[in-house]
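> Please see the structure below; I have some questions.
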4 protein chains.
Amino acid sequence: MHDNDLVPIDATTAERDCIVRRFKQACDSHGIVVPMATVSLFFHPVFRDGAFTANDPEVRAYALQKTLRAMDLGAELGAKIFVLWGGREGVETDACRRADEAIKRLREAINYLCEYNIERGYGMKLALEAKPNEPRADIYMATTGQYLGFIPTLDHPEMVGVNPEVAHEHMSGLNFMHAVAQAWEAGKLFHIDLNDQMPGRFDQDLRFGSSNLKSAFWLVKFLEDVSYAGPRHFDAHAYRTEDYEGVKDFARGCMRTYLILKEKARRWGADREIRGILSEMASNGIDFKLSLYSREGASKLLTLVFNKDEILKKRLPYERLDQLTIDLLLGVR
Amino acid sequence: MHDNDLVPIDATTAERDCIVRRFKQACDSHGIVVPMATVSLFFHPVFRDGAFTANDPEVRAYALQKTLRAMDLGAELGAKIFVLWGGREGVETDACRRADEAIKRLREAINYLCEYNIERGYGMKLALEAKPNEPRADIYMATTGQYLGFIPTLDHPEMVGVNPEVAHEHMSGLNFMHAVAQAWEAGKLFHIDLNDQMPGRFDQDLRFGSSNLKSAFWLVKFLEDVSYAGPRHFDAHAYRTEDYEGVKDFARGCMRTYLILKEKARRWGADREIRGILSEMASNGIDFKLSLYSREGASKLLTLVFNKDEILKKRLPYERLDQLTIDLLLGVR
Amino acid sequence: MHDNDLVPIDATTAERDCIVRRFKQACDSHGIVVPMATVSLFFHPVFRDGAFTANDPEVRAYALQKTLRAMDLGAELGAKIFVLWGGREGVETDACRRADEAIKRLREAINYLCEYNIERGYGMKLALEAKPNEPRADIYMATTGQYLGFIPTLDHPEMVGVNPEVAHEHMSGLNFMHAVAQAWEAGKLFHIDLNDQMPGRFDQDLRFGSSNLKSAFWLVKFLEDVSYAGPRHFDAHAYRTEDYEGVKDFARGCMRTYLILKEKARRWGADREIRGILSEMASNGIDFKLSLYSREGASKLLTLVFNKDEILKKRLPYERLDQLTIDLLLGVR
Amino acid sequence: MHDNDLVPIDATTAERDCIVRRFKQACDSHGIVVPMATVSLFFHPVFRDGAFTANDPEVRAYALQKTLRAMDLGAELGAKIFVLWGGREGVETDACRRADEAIKRLREAINYLCEYNIERGYGMKLALEAKPNEPRADIYMATTGQYLGFIPTLDHPEMVGVNPEVAHEHMSGLNFMHAVAQAWEAGKLFHIDLNDQMPGRFDQDLRFGSSNLKSAFWLVKFLEDVSYAGPRHFDAHAYRTEDYEGVKDFARGCMRTYLILKEKARRWGADREIRGILSEMASNGIDFKLSLYSREGASKLLTLVFNKDEILKKRLPYERLDQLTIDLLLGVR
């Protein structure tokens, strides 16, 4: 939930408090929780040149104030994850500022927010969301990978992770599951935005699984294999043709496809032929115990003689493995 | 220089030593140095399933051995930078292994190389080079940003940086200069591969500046502004139409365009109107001293009233700034 | 000018006539002419499923009526070119209709408009404008090439041509000048939309020449070489940072860059070294008079012996040629 | 089959005849036919600057001779379709020739081949195959649409059609089925190359259906709906990991997935709920009989009053329709 989805940008404190009170009551009476909060630093024209990275110090200060208030709001509503998407933290022309200066400004802002989080005792995790372009402007933090490189340079890296979005990574033609895997393996997968997107297009936000079933499958399989326990957030919107009922069709479709793919992932893992191929490859060779370096181990390694022709005789039946996956996806296995 | 550019992959130790001795003599007598060495872990079919990330432990061991020997060779030739490009560290189908497992294997290998580097006292820096695809296979480390996120998870992160390449980042339609700026700002720009590339195409390796003069200009300007002191390595190749003279035309063209753009970058920085616009924007507002968090500062920030309409009246003449850049590039200013 | 840029979509006939009368007076008194008119078949939600290709026959009828009225308006204002851009003639899902059926509907509509044009004696040329996506929907006529294939299937192909737009062709990573050349060579270049666009991004509509000077140069050179006499229409918009003065900077920049490149194209054509290379290549070989087929010619051709090694000795110094172009663009030649 | 797949490029006439005789015997004894022939105008370096469009007239003559001989070979083997793929008919730099000149050269060559086809009584159809880039060079005929625009400008347009390839159209991010539908509707779908390809990548030639099941489904559905009777040619290759058995797995997978999708297309067409939605939309409105223009009809159309709000109340349940498709693809319906 963006701050201004609930509270208008120019609401007085009294108006804000009234809205929030009524919203909380509505949530309580319907058993709805707010797991995640965020701030809009992109909609209002005041952010035409960026928010945390804007050239005007006054804009930067306003962006920070707006974010602190959105954190207050999130905390009040019980959110434990705070997402930051820098939709204007980029440039239409690189003439306007040095890119390294922009990164420094971004770091200062995130560090500031972390201190505030600590001081107020909110216990929030910050999840940073990348996107390559808007589309006329190049966003500085274009990929999840860039944020994974940025986070270790912060004062409180442990407090900050990422919120990858299918559509944003596919825009650049990248393998989304690989980005998710890197984030997960680094302990940084704090949140995820699920939708679908054709590579090379601008931000489509399609119904989950509606563009590419196979890449959606590898993603679901990964999240289930590692027992990802965070929110599975569908950040998509319905076709322009839809009415209210159609929007419900759309929302049901997102969840339905996820669940079907989850069941298929379970069956993939249990499939006898698939397991056979995978285990044969894994056992296919000696264990060289290379993971731990030692002087002796390295010396020994340097003396080994490898027979490349023999190695090439080992079968790697990946076409078969992939076709088994396709068969499973199509429901004919 | 790849190991197998000099020494055939199946050379005996005696053959190898003879080749290296003659090569060093040739370098000495022509005043040529070898600033960088690397290893080919992609050409031979034995790497059809990857090198450090391959499923077959024997392939992983062979890849490690081959890399240790390439480091020996690099050290013998005086190279202080060792580039690693994982051209086969990816997948044609994600069925073949878990992506997080691949990342762990990659980490083990790099950690091993770092220990070897320390033990042998080579004093090398490792520079990791990303590329999105090959083009049928998705490479795990697809962008410079992903490597910047990977490096802090290593045992010796200080020893490892990146080698961004124009073409590899442009393949995904990303702003190359932004990736370079992030690497630089993080102290990780150990090497750079200069060429040119149209966004969305496969690895073109065109003559520097021949595809997009403006993005080449921002890159040169950044490298010169920050006084980047590492190698400016032109990793490109001539059109297929060229003969030997044409290849020399091509090589001269790479360097010539760099130098012309360097001079234009100097003039950009000295241009009175450009300086005027930039300094007006920089002074445009109060300094809110936000960089250092304090409880009082945050409290005060939350009470400030920002007049968004006033802020929007401040001019940001970026079209003018960009046209001045274009005029300068075209030589009419 | 779109119909609804001037006349609101629900204006009465009286309101419409009043607006048009005042607009014509304003044009007359400022010496402004209206060379091109067009119709908005994309903005109103009634076109959510297409206009001429919509499934609902009522929408198709309305779209036709709206276009006839826009043609009336264009004729009244003196426009001799009528542009049609089918921004909604596509699909979010191909489940909704057969693609060949959509093409038939489009043909029926264009044929209808041509008959109306004839009957009313408007003497207009219709210029069809392609675009690949919107970005969630795939547009049926995605490229200028597709329209060039569609036009010969119409009842009055001579009346219909294309309106290529830089940004729309670059979106798909295509060489815009090549599309323009094909249209020109086929006698179908009725209008052109100039702006700039990075390949692989969604419709950026940047200032002409601001993204890629070299591709802009080849385009200007082509238009000037063939003495294209139609409108050079700048269909772009300023950065989001700009105020009124900034928009004027932007408009001036479009025209200025065109004119600078035009002068450079003239100098390219007159450059002694460039001319030398080109003429050497042209004379490089015998004329086989192959353009006219004859039985004897073909028989003779089949008996010729070609020496491929000799052919390969002929120099094709394209790197030099391209660097001369770069030098000229940079103003150092 | 390319000419040089069978006969080496520098074979003597005697060698050529011997090879062809043995090949025909092998075909006969195994019941194999050669439905299509083609010519390699891209592999040998002599075509470094193009074949039919090369600057050197000698290269153009050689390309023509080589193609005539390939047509002779194809005719001898019984091929009725002759595919032409101009893999070198493009540029690394547009400095080397005028693009309209290249198109004229291409037209001359194709016209020549058509005359030869007539004179020799081969009765072949020519199928032109587009591809956007190679990847350093922009190919002039980048999309199937461009060829559909080129063909009507030939002397014998009825003899010439297209050979669209999934991978080549997806490279530019275009909807392949739409291109196929346009070709079909124009009577120009003479041949088709089936494989799979992720948008925005270079020519992947993956196993049919292995990258995107949904776009493969729409394609199969279209070909089956229109009862396409031409060859379904799988132009793909196996993963680099495969051995001989793996290549057979791959070939079987191409055909298997096609057949599964064909059966799903049949069930889609017979699905009661899908049929209900489609027929409701089709009947949803009056028939305005617009297809035939008449003065009275147009006058009447101009007087109609359309109620846009009423039109917008008509349901277009495309999310439901698309999810039904997904369910069918996943085998859960």
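Note on naming: chains are A, B, ... as they come in the structure tokens, residues start from 1 per chain, ligands start from 1 in the order shown.
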Determine which residues of region 132-213 of chain B receive a DSSP assignment of helix (DSSP H, G or I), computed from the backbone, and state them as a ChimeraX atom specification.
/B:144-153,157-159,166-171,176-185,213
> Include N, CA, C and O atoms and write out the residues we just selected as a short mmCIF file (atom, residue, chain, number, x, y, z; two decimals), in the first residue's frame.

data_model
loop_
_atom_site.label_atom_id
_atom_site.label_comp_id
_atom_site.auth_asym_id
_atom_site.auth_seq_id
_atom_site.Cartn_x
_atom_site.Cartn_y
_atom_site.Cartn_z
N THR B 144 26.75 -6.54 -14.53
CA THR B 144 27.78 -6.07 -13.59
C THR B 144 27.21 -5.93 -12.19
O THR B 144 27.87 -6.27 -11.20
N GLY B 145 25.98 -5.48 -12.11
CA GLY B 145 25.32 -5.33 -10.81
C GLY B 145 25.26 -6.65 -10.06
O GLY B 145 25.51 -6.69 -8.84
N GLN B 146 24.97 -7.74 -10.75
CA GLN B 146 24.91 -9.04 -10.06
C GLN B 146 26.26 -9.41 -9.47
O GLN B 146 26.34 -9.93 -8.36
N TYR B 147 27.33 -9.12 -10.20
CA TYR B 147 28.66 -9.41 -9.64
C TYR B 147 28.96 -8.49 -8.45
O TYR B 147 29.59 -8.93 -7.47
N LEU B 148 28.51 -7.26 -8.51
CA LEU B 148 28.72 -6.36 -7.37
C LEU B 148 27.98 -6.87 -6.13
O LEU B 148 28.40 -6.61 -5.00
N GLY B 149 26.88 -7.59 -6.36
CA GLY B 149 26.17 -8.19 -5.24
C GLY B 149 26.80 -9.49 -4.78
O GLY B 149 26.69 -9.88 -3.61
N PHE B 150 27.49 -10.15 -5.69
CA PHE B 150 28.12 -11.44 -5.38
C PHE B 150 29.43 -11.26 -4.61
O PHE B 150 29.74 -12.02 -3.68
N ILE B 151 30.20 -10.26 -4.99
CA ILE B 151 31.54 -10.07 -4.43
C ILE B 151 31.55 -9.94 -2.90
O ILE B 151 32.39 -10.57 -2.24
N PRO B 152 30.62 -9.16 -2.31
CA PRO B 152 30.66 -9.05 -0.84
C PRO B 152 30.37 -10.36 -0.11
O PRO B 152 30.58 -10.44 1.09
N THR B 153 29.92 -11.38 -0.83
CA THR B 153 29.68 -12.68 -0.17
C THR B 153 30.90 -13.60 -0.24
O THR B 153 30.84 -14.74 0.22
N PRO B 157 36.63 -10.32 -0.37
CA PRO B 157 35.98 -9.38 -1.30
C PRO B 157 36.93 -8.27 -1.76
O PRO B 157 36.77 -7.76 -2.87
N GLU B 158 37.91 -7.93 -0.94
CA GLU B 158 38.80 -6.81 -1.31
C GLU B 158 39.67 -7.15 -2.51
O GLU B 158 40.19 -6.27 -3.19
N MET B 159 39.80 -8.45 -2.79
CA MET B 159 40.69 -8.90 -3.86
C MET B 159 39.95 -8.98 -5.21
O MET B 159 40.57 -9.18 -6.25
N VAL B 166 31.13 -2.66 -22.41
CA VAL B 166 30.05 -1.88 -23.03
C VAL B 166 29.01 -2.81 -23.66
O VAL B 166 27.81 -2.74 -23.36
N ALA B 167 29.49 -3.70 -24.54
CA ALA B 167 28.56 -4.53 -25.30
C ALA B 167 27.71 -5.41 -24.41
O ALA B 167 26.52 -5.60 -24.67
N HIS B 168 28.30 -5.94 -23.35
CA HIS B 168 27.57 -6.89 -22.51
C HIS B 168 26.44 -6.20 -21.75
O HIS B 168 25.38 -6.80 -21.54
N GLU B 169 26.66 -4.97 -21.34
CA GLU B 169 25.60 -4.28 -20.59
C GLU B 169 24.53 -3.74 -21.55
O GLU B 169 23.34 -3.80 -21.27
N HIS B 170 24.98 -3.25 -22.71
CA HIS B 170 24.02 -2.73 -23.72
C HIS B 170 23.14 -3.85 -24.27
O HIS B 170 22.02 -3.59 -24.69
N MET B 171 23.65 -5.08 -24.30
CA MET B 171 22.82 -6.20 -24.77
C MET B 171 21.47 -6.23 -24.07
O MET B 171 20.46 -6.55 -24.67
N PHE B 176 25.23 1.70 -19.64
CA PHE B 176 26.54 1.17 -19.25
C PHE B 176 27.24 2.10 -18.27
O PHE B 176 27.84 1.66 -17.29
N MET B 177 27.18 3.39 -18.53
CA MET B 177 27.89 4.33 -17.66
C MET B 177 27.39 4.23 -16.22
O MET B 177 28.17 4.36 -15.28
N HIS B 178 26.10 4.00 -16.04
CA HIS B 178 25.57 3.85 -14.68
C HIS B 178 26.18 2.64 -13.98
O HIS B 178 26.50 2.69 -12.79
N ALA B 179 26.34 1.54 -14.73
CA ALA B 179 26.95 0.35 -14.13
C ALA B 179 28.40 0.63 -13.76
O ALA B 179 28.88 0.23 -12.68
N VAL B 180 29.11 1.34 -14.64
CA VAL B 180 30.51 1.69 -14.38
C VAL B 180 30.60 2.61 -13.16
O VAL B 180 31.48 2.45 -12.31
N ALA B 181 29.66 3.55 -13.07
CA ALA B 181 29.67 4.49 -11.95
C ALA B 181 29.45 3.75 -10.63
O ALA B 181 30.11 4.05 -9.63
N GLN B 182 28.53 2.80 -10.64
CA GLN B 182 28.30 2.05 -9.40
C GLN B 182 29.55 1.26 -9.02
O GLN B 182 29.94 1.23 -7.84
N ALA B 183 30.17 0.62 -10.01
CA ALA B 183 31.38 -0.15 -9.72
C ALA B 183 32.48 0.76 -9.20
O ALA B 183 33.17 0.45 -8.22
N TRP B 184 32.66 1.88 -9.86
CA TRP B 184 33.70 2.84 -9.43
C TRP B 184 33.44 3.32 -8.01
O TRP B 184 34.36 3.33 -7.16
N GLU B 185 32.21 3.71 -7.75
CA GLU B 185 31.88 4.30 -6.46
C GLU B 185 32.08 3.28 -5.33
O GLU B 185 32.37 3.64 -4.20
N LEU B 213 27.49 7.66 -30.24
CA LEU B 213 28.48 8.64 -29.78
C LEU B 213 28.11 9.25 -28.44
O LEU B 213 28.99 9.56 -27.63
#
> So that each row is one residue of chain D with an atom at most 8 Å from chain B, can you give its shortest atom pair and the distance in Å to one decimal, using only C-alpha atoms, rows by chain and rising number, as a Markdown table?

| residue | atom | partner | partner_atom | distance |
| --- | --- | --- | --- | --- |
| D:Arg48 | CA | B:Thr241 | CA | 5.6 |
| D:Asp49 | CA | B:Thr241 | CA | 6.4 |
| D:Glu92 | CA | B:Tyr239 | CA | 6.8 |
| D:Pro135 | CA | B:Phe202 | CA | 5.9 |
| D:Arg136 | CA | B:Gln204 | CA | 5.2 |
| D:Gly200 | CA | B:Gly200 | CA | 5.9 |
| D:Arg201 | CA | B:Pro135 | CA | 6.3 |
| D:Phe202 | CA | B:Phe202 | CA | 5.7 |
| D:Asp203 | CA | B:Pro135 | CA | 7.6 |
| D:Gln204 | CA | B:Arg136 | CA | 5.2 |
| D:Leu206 | CA | B:Arg136 | CA | 7.8 |
| D:Tyr239 | CA | B:Glu92 | CA | 6.8 |
| D:Arg240 | CA | B:Arg48 | CA | 6.0 |
| D:Thr241 | CA | B:Arg48 | CA | 5.7 |
> Keeping only all heavy atoms, write the selected residues to a file as a tab-separated table (two decimals), in the first residue's frame.

chain	number	residue	atom	x	y	z
D	48	ARG	N	31.04	-11.63	-47.80
D	48	ARG	CA	31.24	-10.72	-46.65
D	48	ARG	C	30.49	-9.41	-46.79
D	48	ARG	O	30.15	-8.76	-45.81
D	48	ARG	CB	32.74	-10.45	-46.48
D	48	ARG	CG	33.32	-9.76	-47.71
D	48	ARG	CD	34.85	-9.68	-47.74
D	48	ARG	NE	35.26	-9.35	-49.10
D	48	ARG	CZ	36.32	-8.63	-49.45
D	48	ARG	NH1	37.13	-8.18	-48.52
D	48	ARG	NH2	36.59	-8.36	-50.70
D	49	ASP	N	30.22	-8.97	-48.01
D	49	ASP	CA	29.54	-7.68	-48.24
D	49	ASP	C	28.15	-7.88	-48.84
D	49	ASP	O	27.55	-6.95	-49.35
D	49	ASP	CB	30.39	-6.83	-49.19
D	49	ASP	CG	29.81	-5.46	-49.43
D	49	ASP	OD1	29.36	-4.84	-48.45
D	49	ASP	OD2	29.81	-5.00	-50.59
D	92	GLU	N	27.00	-3.59	-42.01
D	92	GLU	CA	27.59	-3.24	-40.72
D	92	GLU	C	27.67	-1.72	-40.58
D	92	GLU	O	27.57	-1.19	-39.48
D	92	GLU	CB	28.98	-3.89	-40.59
D	92	GLU	CG	28.87	-5.40	-40.37
D	92	GLU	CD	30.20	-6.13	-40.44
D	92	GLU	OE1	30.98	-5.89	-41.39
D	92	GLU	OE2	30.46	-6.95	-39.56
D	135	PRO	N	24.58	-10.78	-35.85
D	135	PRO	CA	23.87	-9.66	-35.24
D	135	PRO	C	24.58	-8.33	-35.42
D	135	PRO	O	24.05	-7.31	-35.01
D	135	PRO	CB	23.86	-10.05	-33.77
D	135	PRO	CG	25.15	-10.78	-33.59
D	135	PRO	CD	25.45	-11.47	-34.90
D	136	ARG	N	25.76	-8.31	-36.01
D	136	ARG	CA	26.45	-7.03	-36.19
D	136	ARG	C	25.88	-6.26	-37.36
D	136	ARG	O	25.99	-5.03	-37.43
D	136	ARG	CB	27.95	-7.26	-36.38
D	136	ARG	CG	28.66	-7.61	-35.07
D	136	ARG	CD	30.02	-8.22	-35.30
D	136	ARG	NE	30.90	-7.41	-36.09
D	136	ARG	CZ	31.94	-6.70	-35.64
D	136	ARG	NH1	32.22	-6.73	-34.35
D	136	ARG	NH2	32.70	-6.02	-36.43
D	200	GLY	N	13.93	-10.73	-28.12
D	200	GLY	CA	15.06	-9.87	-27.80
D	200	GLY	C	16.41	-10.56	-27.76
D	200	GLY	O	17.42	-9.93	-27.52
D	201	ARG	N	16.43	-11.85	-28.00
D	201	ARG	CA	17.70	-12.58	-28.08
D	201	ARG	C	18.09	-12.81	-29.53
D	201	ARG	O	17.25	-12.73	-30.42
D	201	ARG	CB	17.56	-13.97	-27.41
D	201	ARG	CG	17.30	-13.93	-25.95
D	201	ARG	CD	18.59	-13.65	-25.19
D	201	ARG	NE	18.31	-13.53	-23.77
D	201	ARG	CZ	18.27	-14.55	-22.94
D	201	ARG	NH1	18.53	-15.77	-23.38
D	201	ARG	NH2	18.01	-14.38	-21.66
D	202	PHE	N	19.35	-13.15	-29.74
D	202	PHE	CA	19.76	-13.53	-31.07
D	202	PHE	C	19.32	-14.97	-31.34
D	202	PHE	O	19.34	-15.83	-30.45
D	202	PHE	CB	21.27	-13.37	-31.24
D	202	PHE	CG	21.72	-13.64	-32.64
D	202	PHE	CD1	21.35	-12.78	-33.66
D	202	PHE	CD2	22.47	-14.75	-32.96
D	202	PHE	CE1	21.74	-13.03	-34.98
D	202	PHE	CE2	22.87	-15.00	-34.26
D	202	PHE	CZ	22.50	-14.15	-35.27
D	203	ASP	N	18.92	-15.20	-32.56
D	203	ASP	CA	18.55	-16.48	-33.18
D	203	ASP	C	18.84	-17.74	-32.35
D	203	ASP	O	19.90	-18.36	-32.49
D	203	ASP	CB	19.37	-16.56	-34.49
D	203	ASP	CG	18.65	-17.41	-35.52
D	203	ASP	OD1	17.45	-17.64	-35.37
D	203	ASP	OD2	19.30	-17.81	-36.50
D	204	GLN	N	17.89	-18.15	-31.54
D	204	GLN	CA	18.15	-19.27	-30.63
D	204	GLN	C	17.85	-20.63	-31.23
D	204	GLN	O	18.46	-21.63	-30.83
D	204	GLN	CB	17.34	-19.08	-29.34
D	204	GLN	CG	17.79	-17.88	-28.51
D	204	GLN	CD	17.01	-17.77	-27.23
D	204	GLN	OE1	15.79	-17.75	-27.23
D	204	GLN	NE2	17.71	-17.68	-26.12
D	206	LEU	N	15.55	-22.82	-30.77
D	206	LEU	CA	15.28	-23.82	-29.73
D	206	LEU	C	14.20	-24.82	-30.16
D	206	LEU	O	13.43	-24.56	-31.09
D	206	LEU	CB	14.82	-23.13	-28.44
D	206	LEU	CG	15.86	-22.20	-27.81
D	206	LEU	CD1	15.20	-21.30	-26.77
D	206	LEU	CD2	16.99	-23.01	-27.17
D	239	TYR	N	20.33	-28.69	-27.71
D	239	TYR	CA	21.25	-28.07	-26.76
D	239	TYR	C	22.67	-28.55	-27.02
D	239	TYR	O	22.88	-29.67	-27.50
D	239	TYR	CB	20.89	-28.47	-25.32
D	239	TYR	CG	19.53	-28.00	-24.84
D	239	TYR	CD1	18.81	-28.77	-23.94
D	239	TYR	CD2	18.99	-26.79	-25.25
D	239	TYR	CE1	17.57	-28.35	-23.46
D	239	TYR	CE2	17.75	-26.37	-24.78
D	239	TYR	CZ	17.04	-27.15	-23.88
D	239	TYR	OH	15.84	-26.75	-23.41
D	240	ARG	N	23.64	-27.76	-26.61
D	240	ARG	CA	25.04	-28.13	-26.85
D	240	ARG	C	25.47	-29.34	-26.02
D	240	ARG	O	26.53	-29.91	-26.25
D	240	ARG	CB	25.96	-26.94	-26.60
D	240	ARG	CG	26.19	-26.58	-25.15
D	240	ARG	CD	27.29	-25.53	-25.00
D	240	ARG	NE	26.89	-24.28	-25.60
D	240	ARG	CZ	27.62	-23.61	-26.49
D	240	ARG	NH1	28.78	-24.07	-26.87
D	240	ARG	NH2	27.18	-22.47	-26.97
D	241	THR	N	24.68	-29.69	-25.03
D	241	THR	CA	25.04	-30.83	-24.17
D	241	THR	C	24.76	-32.18	-24.81
D	241	THR	O	25.21	-33.20	-24.30
D	241	THR	CB	24.21	-30.77	-22.87
D	241	THR	OG1	22.85	-30.45	-23.21
D	241	THR	CG2	24.75	-29.73	-21.93
> Can you pull out the residues contacting Tyr116 (chain B)? Cut-off 10 Å, using only C-alpha atoms, and skip same-chain residues under 3 positions away; I want them as JSON, numbers by chain.
{"A": [293, 294, 295, 298], "B": [68, 71, 72, 110, 111, 112, 113, 119, 120, 121, 122]}
> Quick one: of C:Arg252, C:Arg88, C:Lys80, C:His30, who's nearest to Phe43 (chain C), counting only C-alpha atoms?
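Ranking C:Arg252, C:Arg88, C:Lys80, C:His30 by distance to Phe43 (chain C), first place goes to C:Arg88.
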> So which residues touch Phe208 (chain C) within 12 Å, counting only C-alpha atoms, skipping near sequence neighbours fewer than 6 positions away, as JSON, numbers by chain?
{"B": [319, 322, 323, 326], "C": [165, 166, 167, 193, 194, 195, 196, 197, 198, 214, 215, 216, 217, 219, 220, 232, 233, 234, 235, 236, 237, 238, 250, 251, 252, 253, 254, 255, 256, 257, 258, 259, 260, 261]}
> So what do you get for CA of Asn163 (chain C) versus CA of His191 (chain C), distance-wise?
4.8 Å
> What is the CA of Glu76 (chain C) to CA of Val160 (chain C) distance in Å?
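Between CA of Glu76 (chain C) and CA of Val160 (chain C) the gap works out to 20.2 Å.
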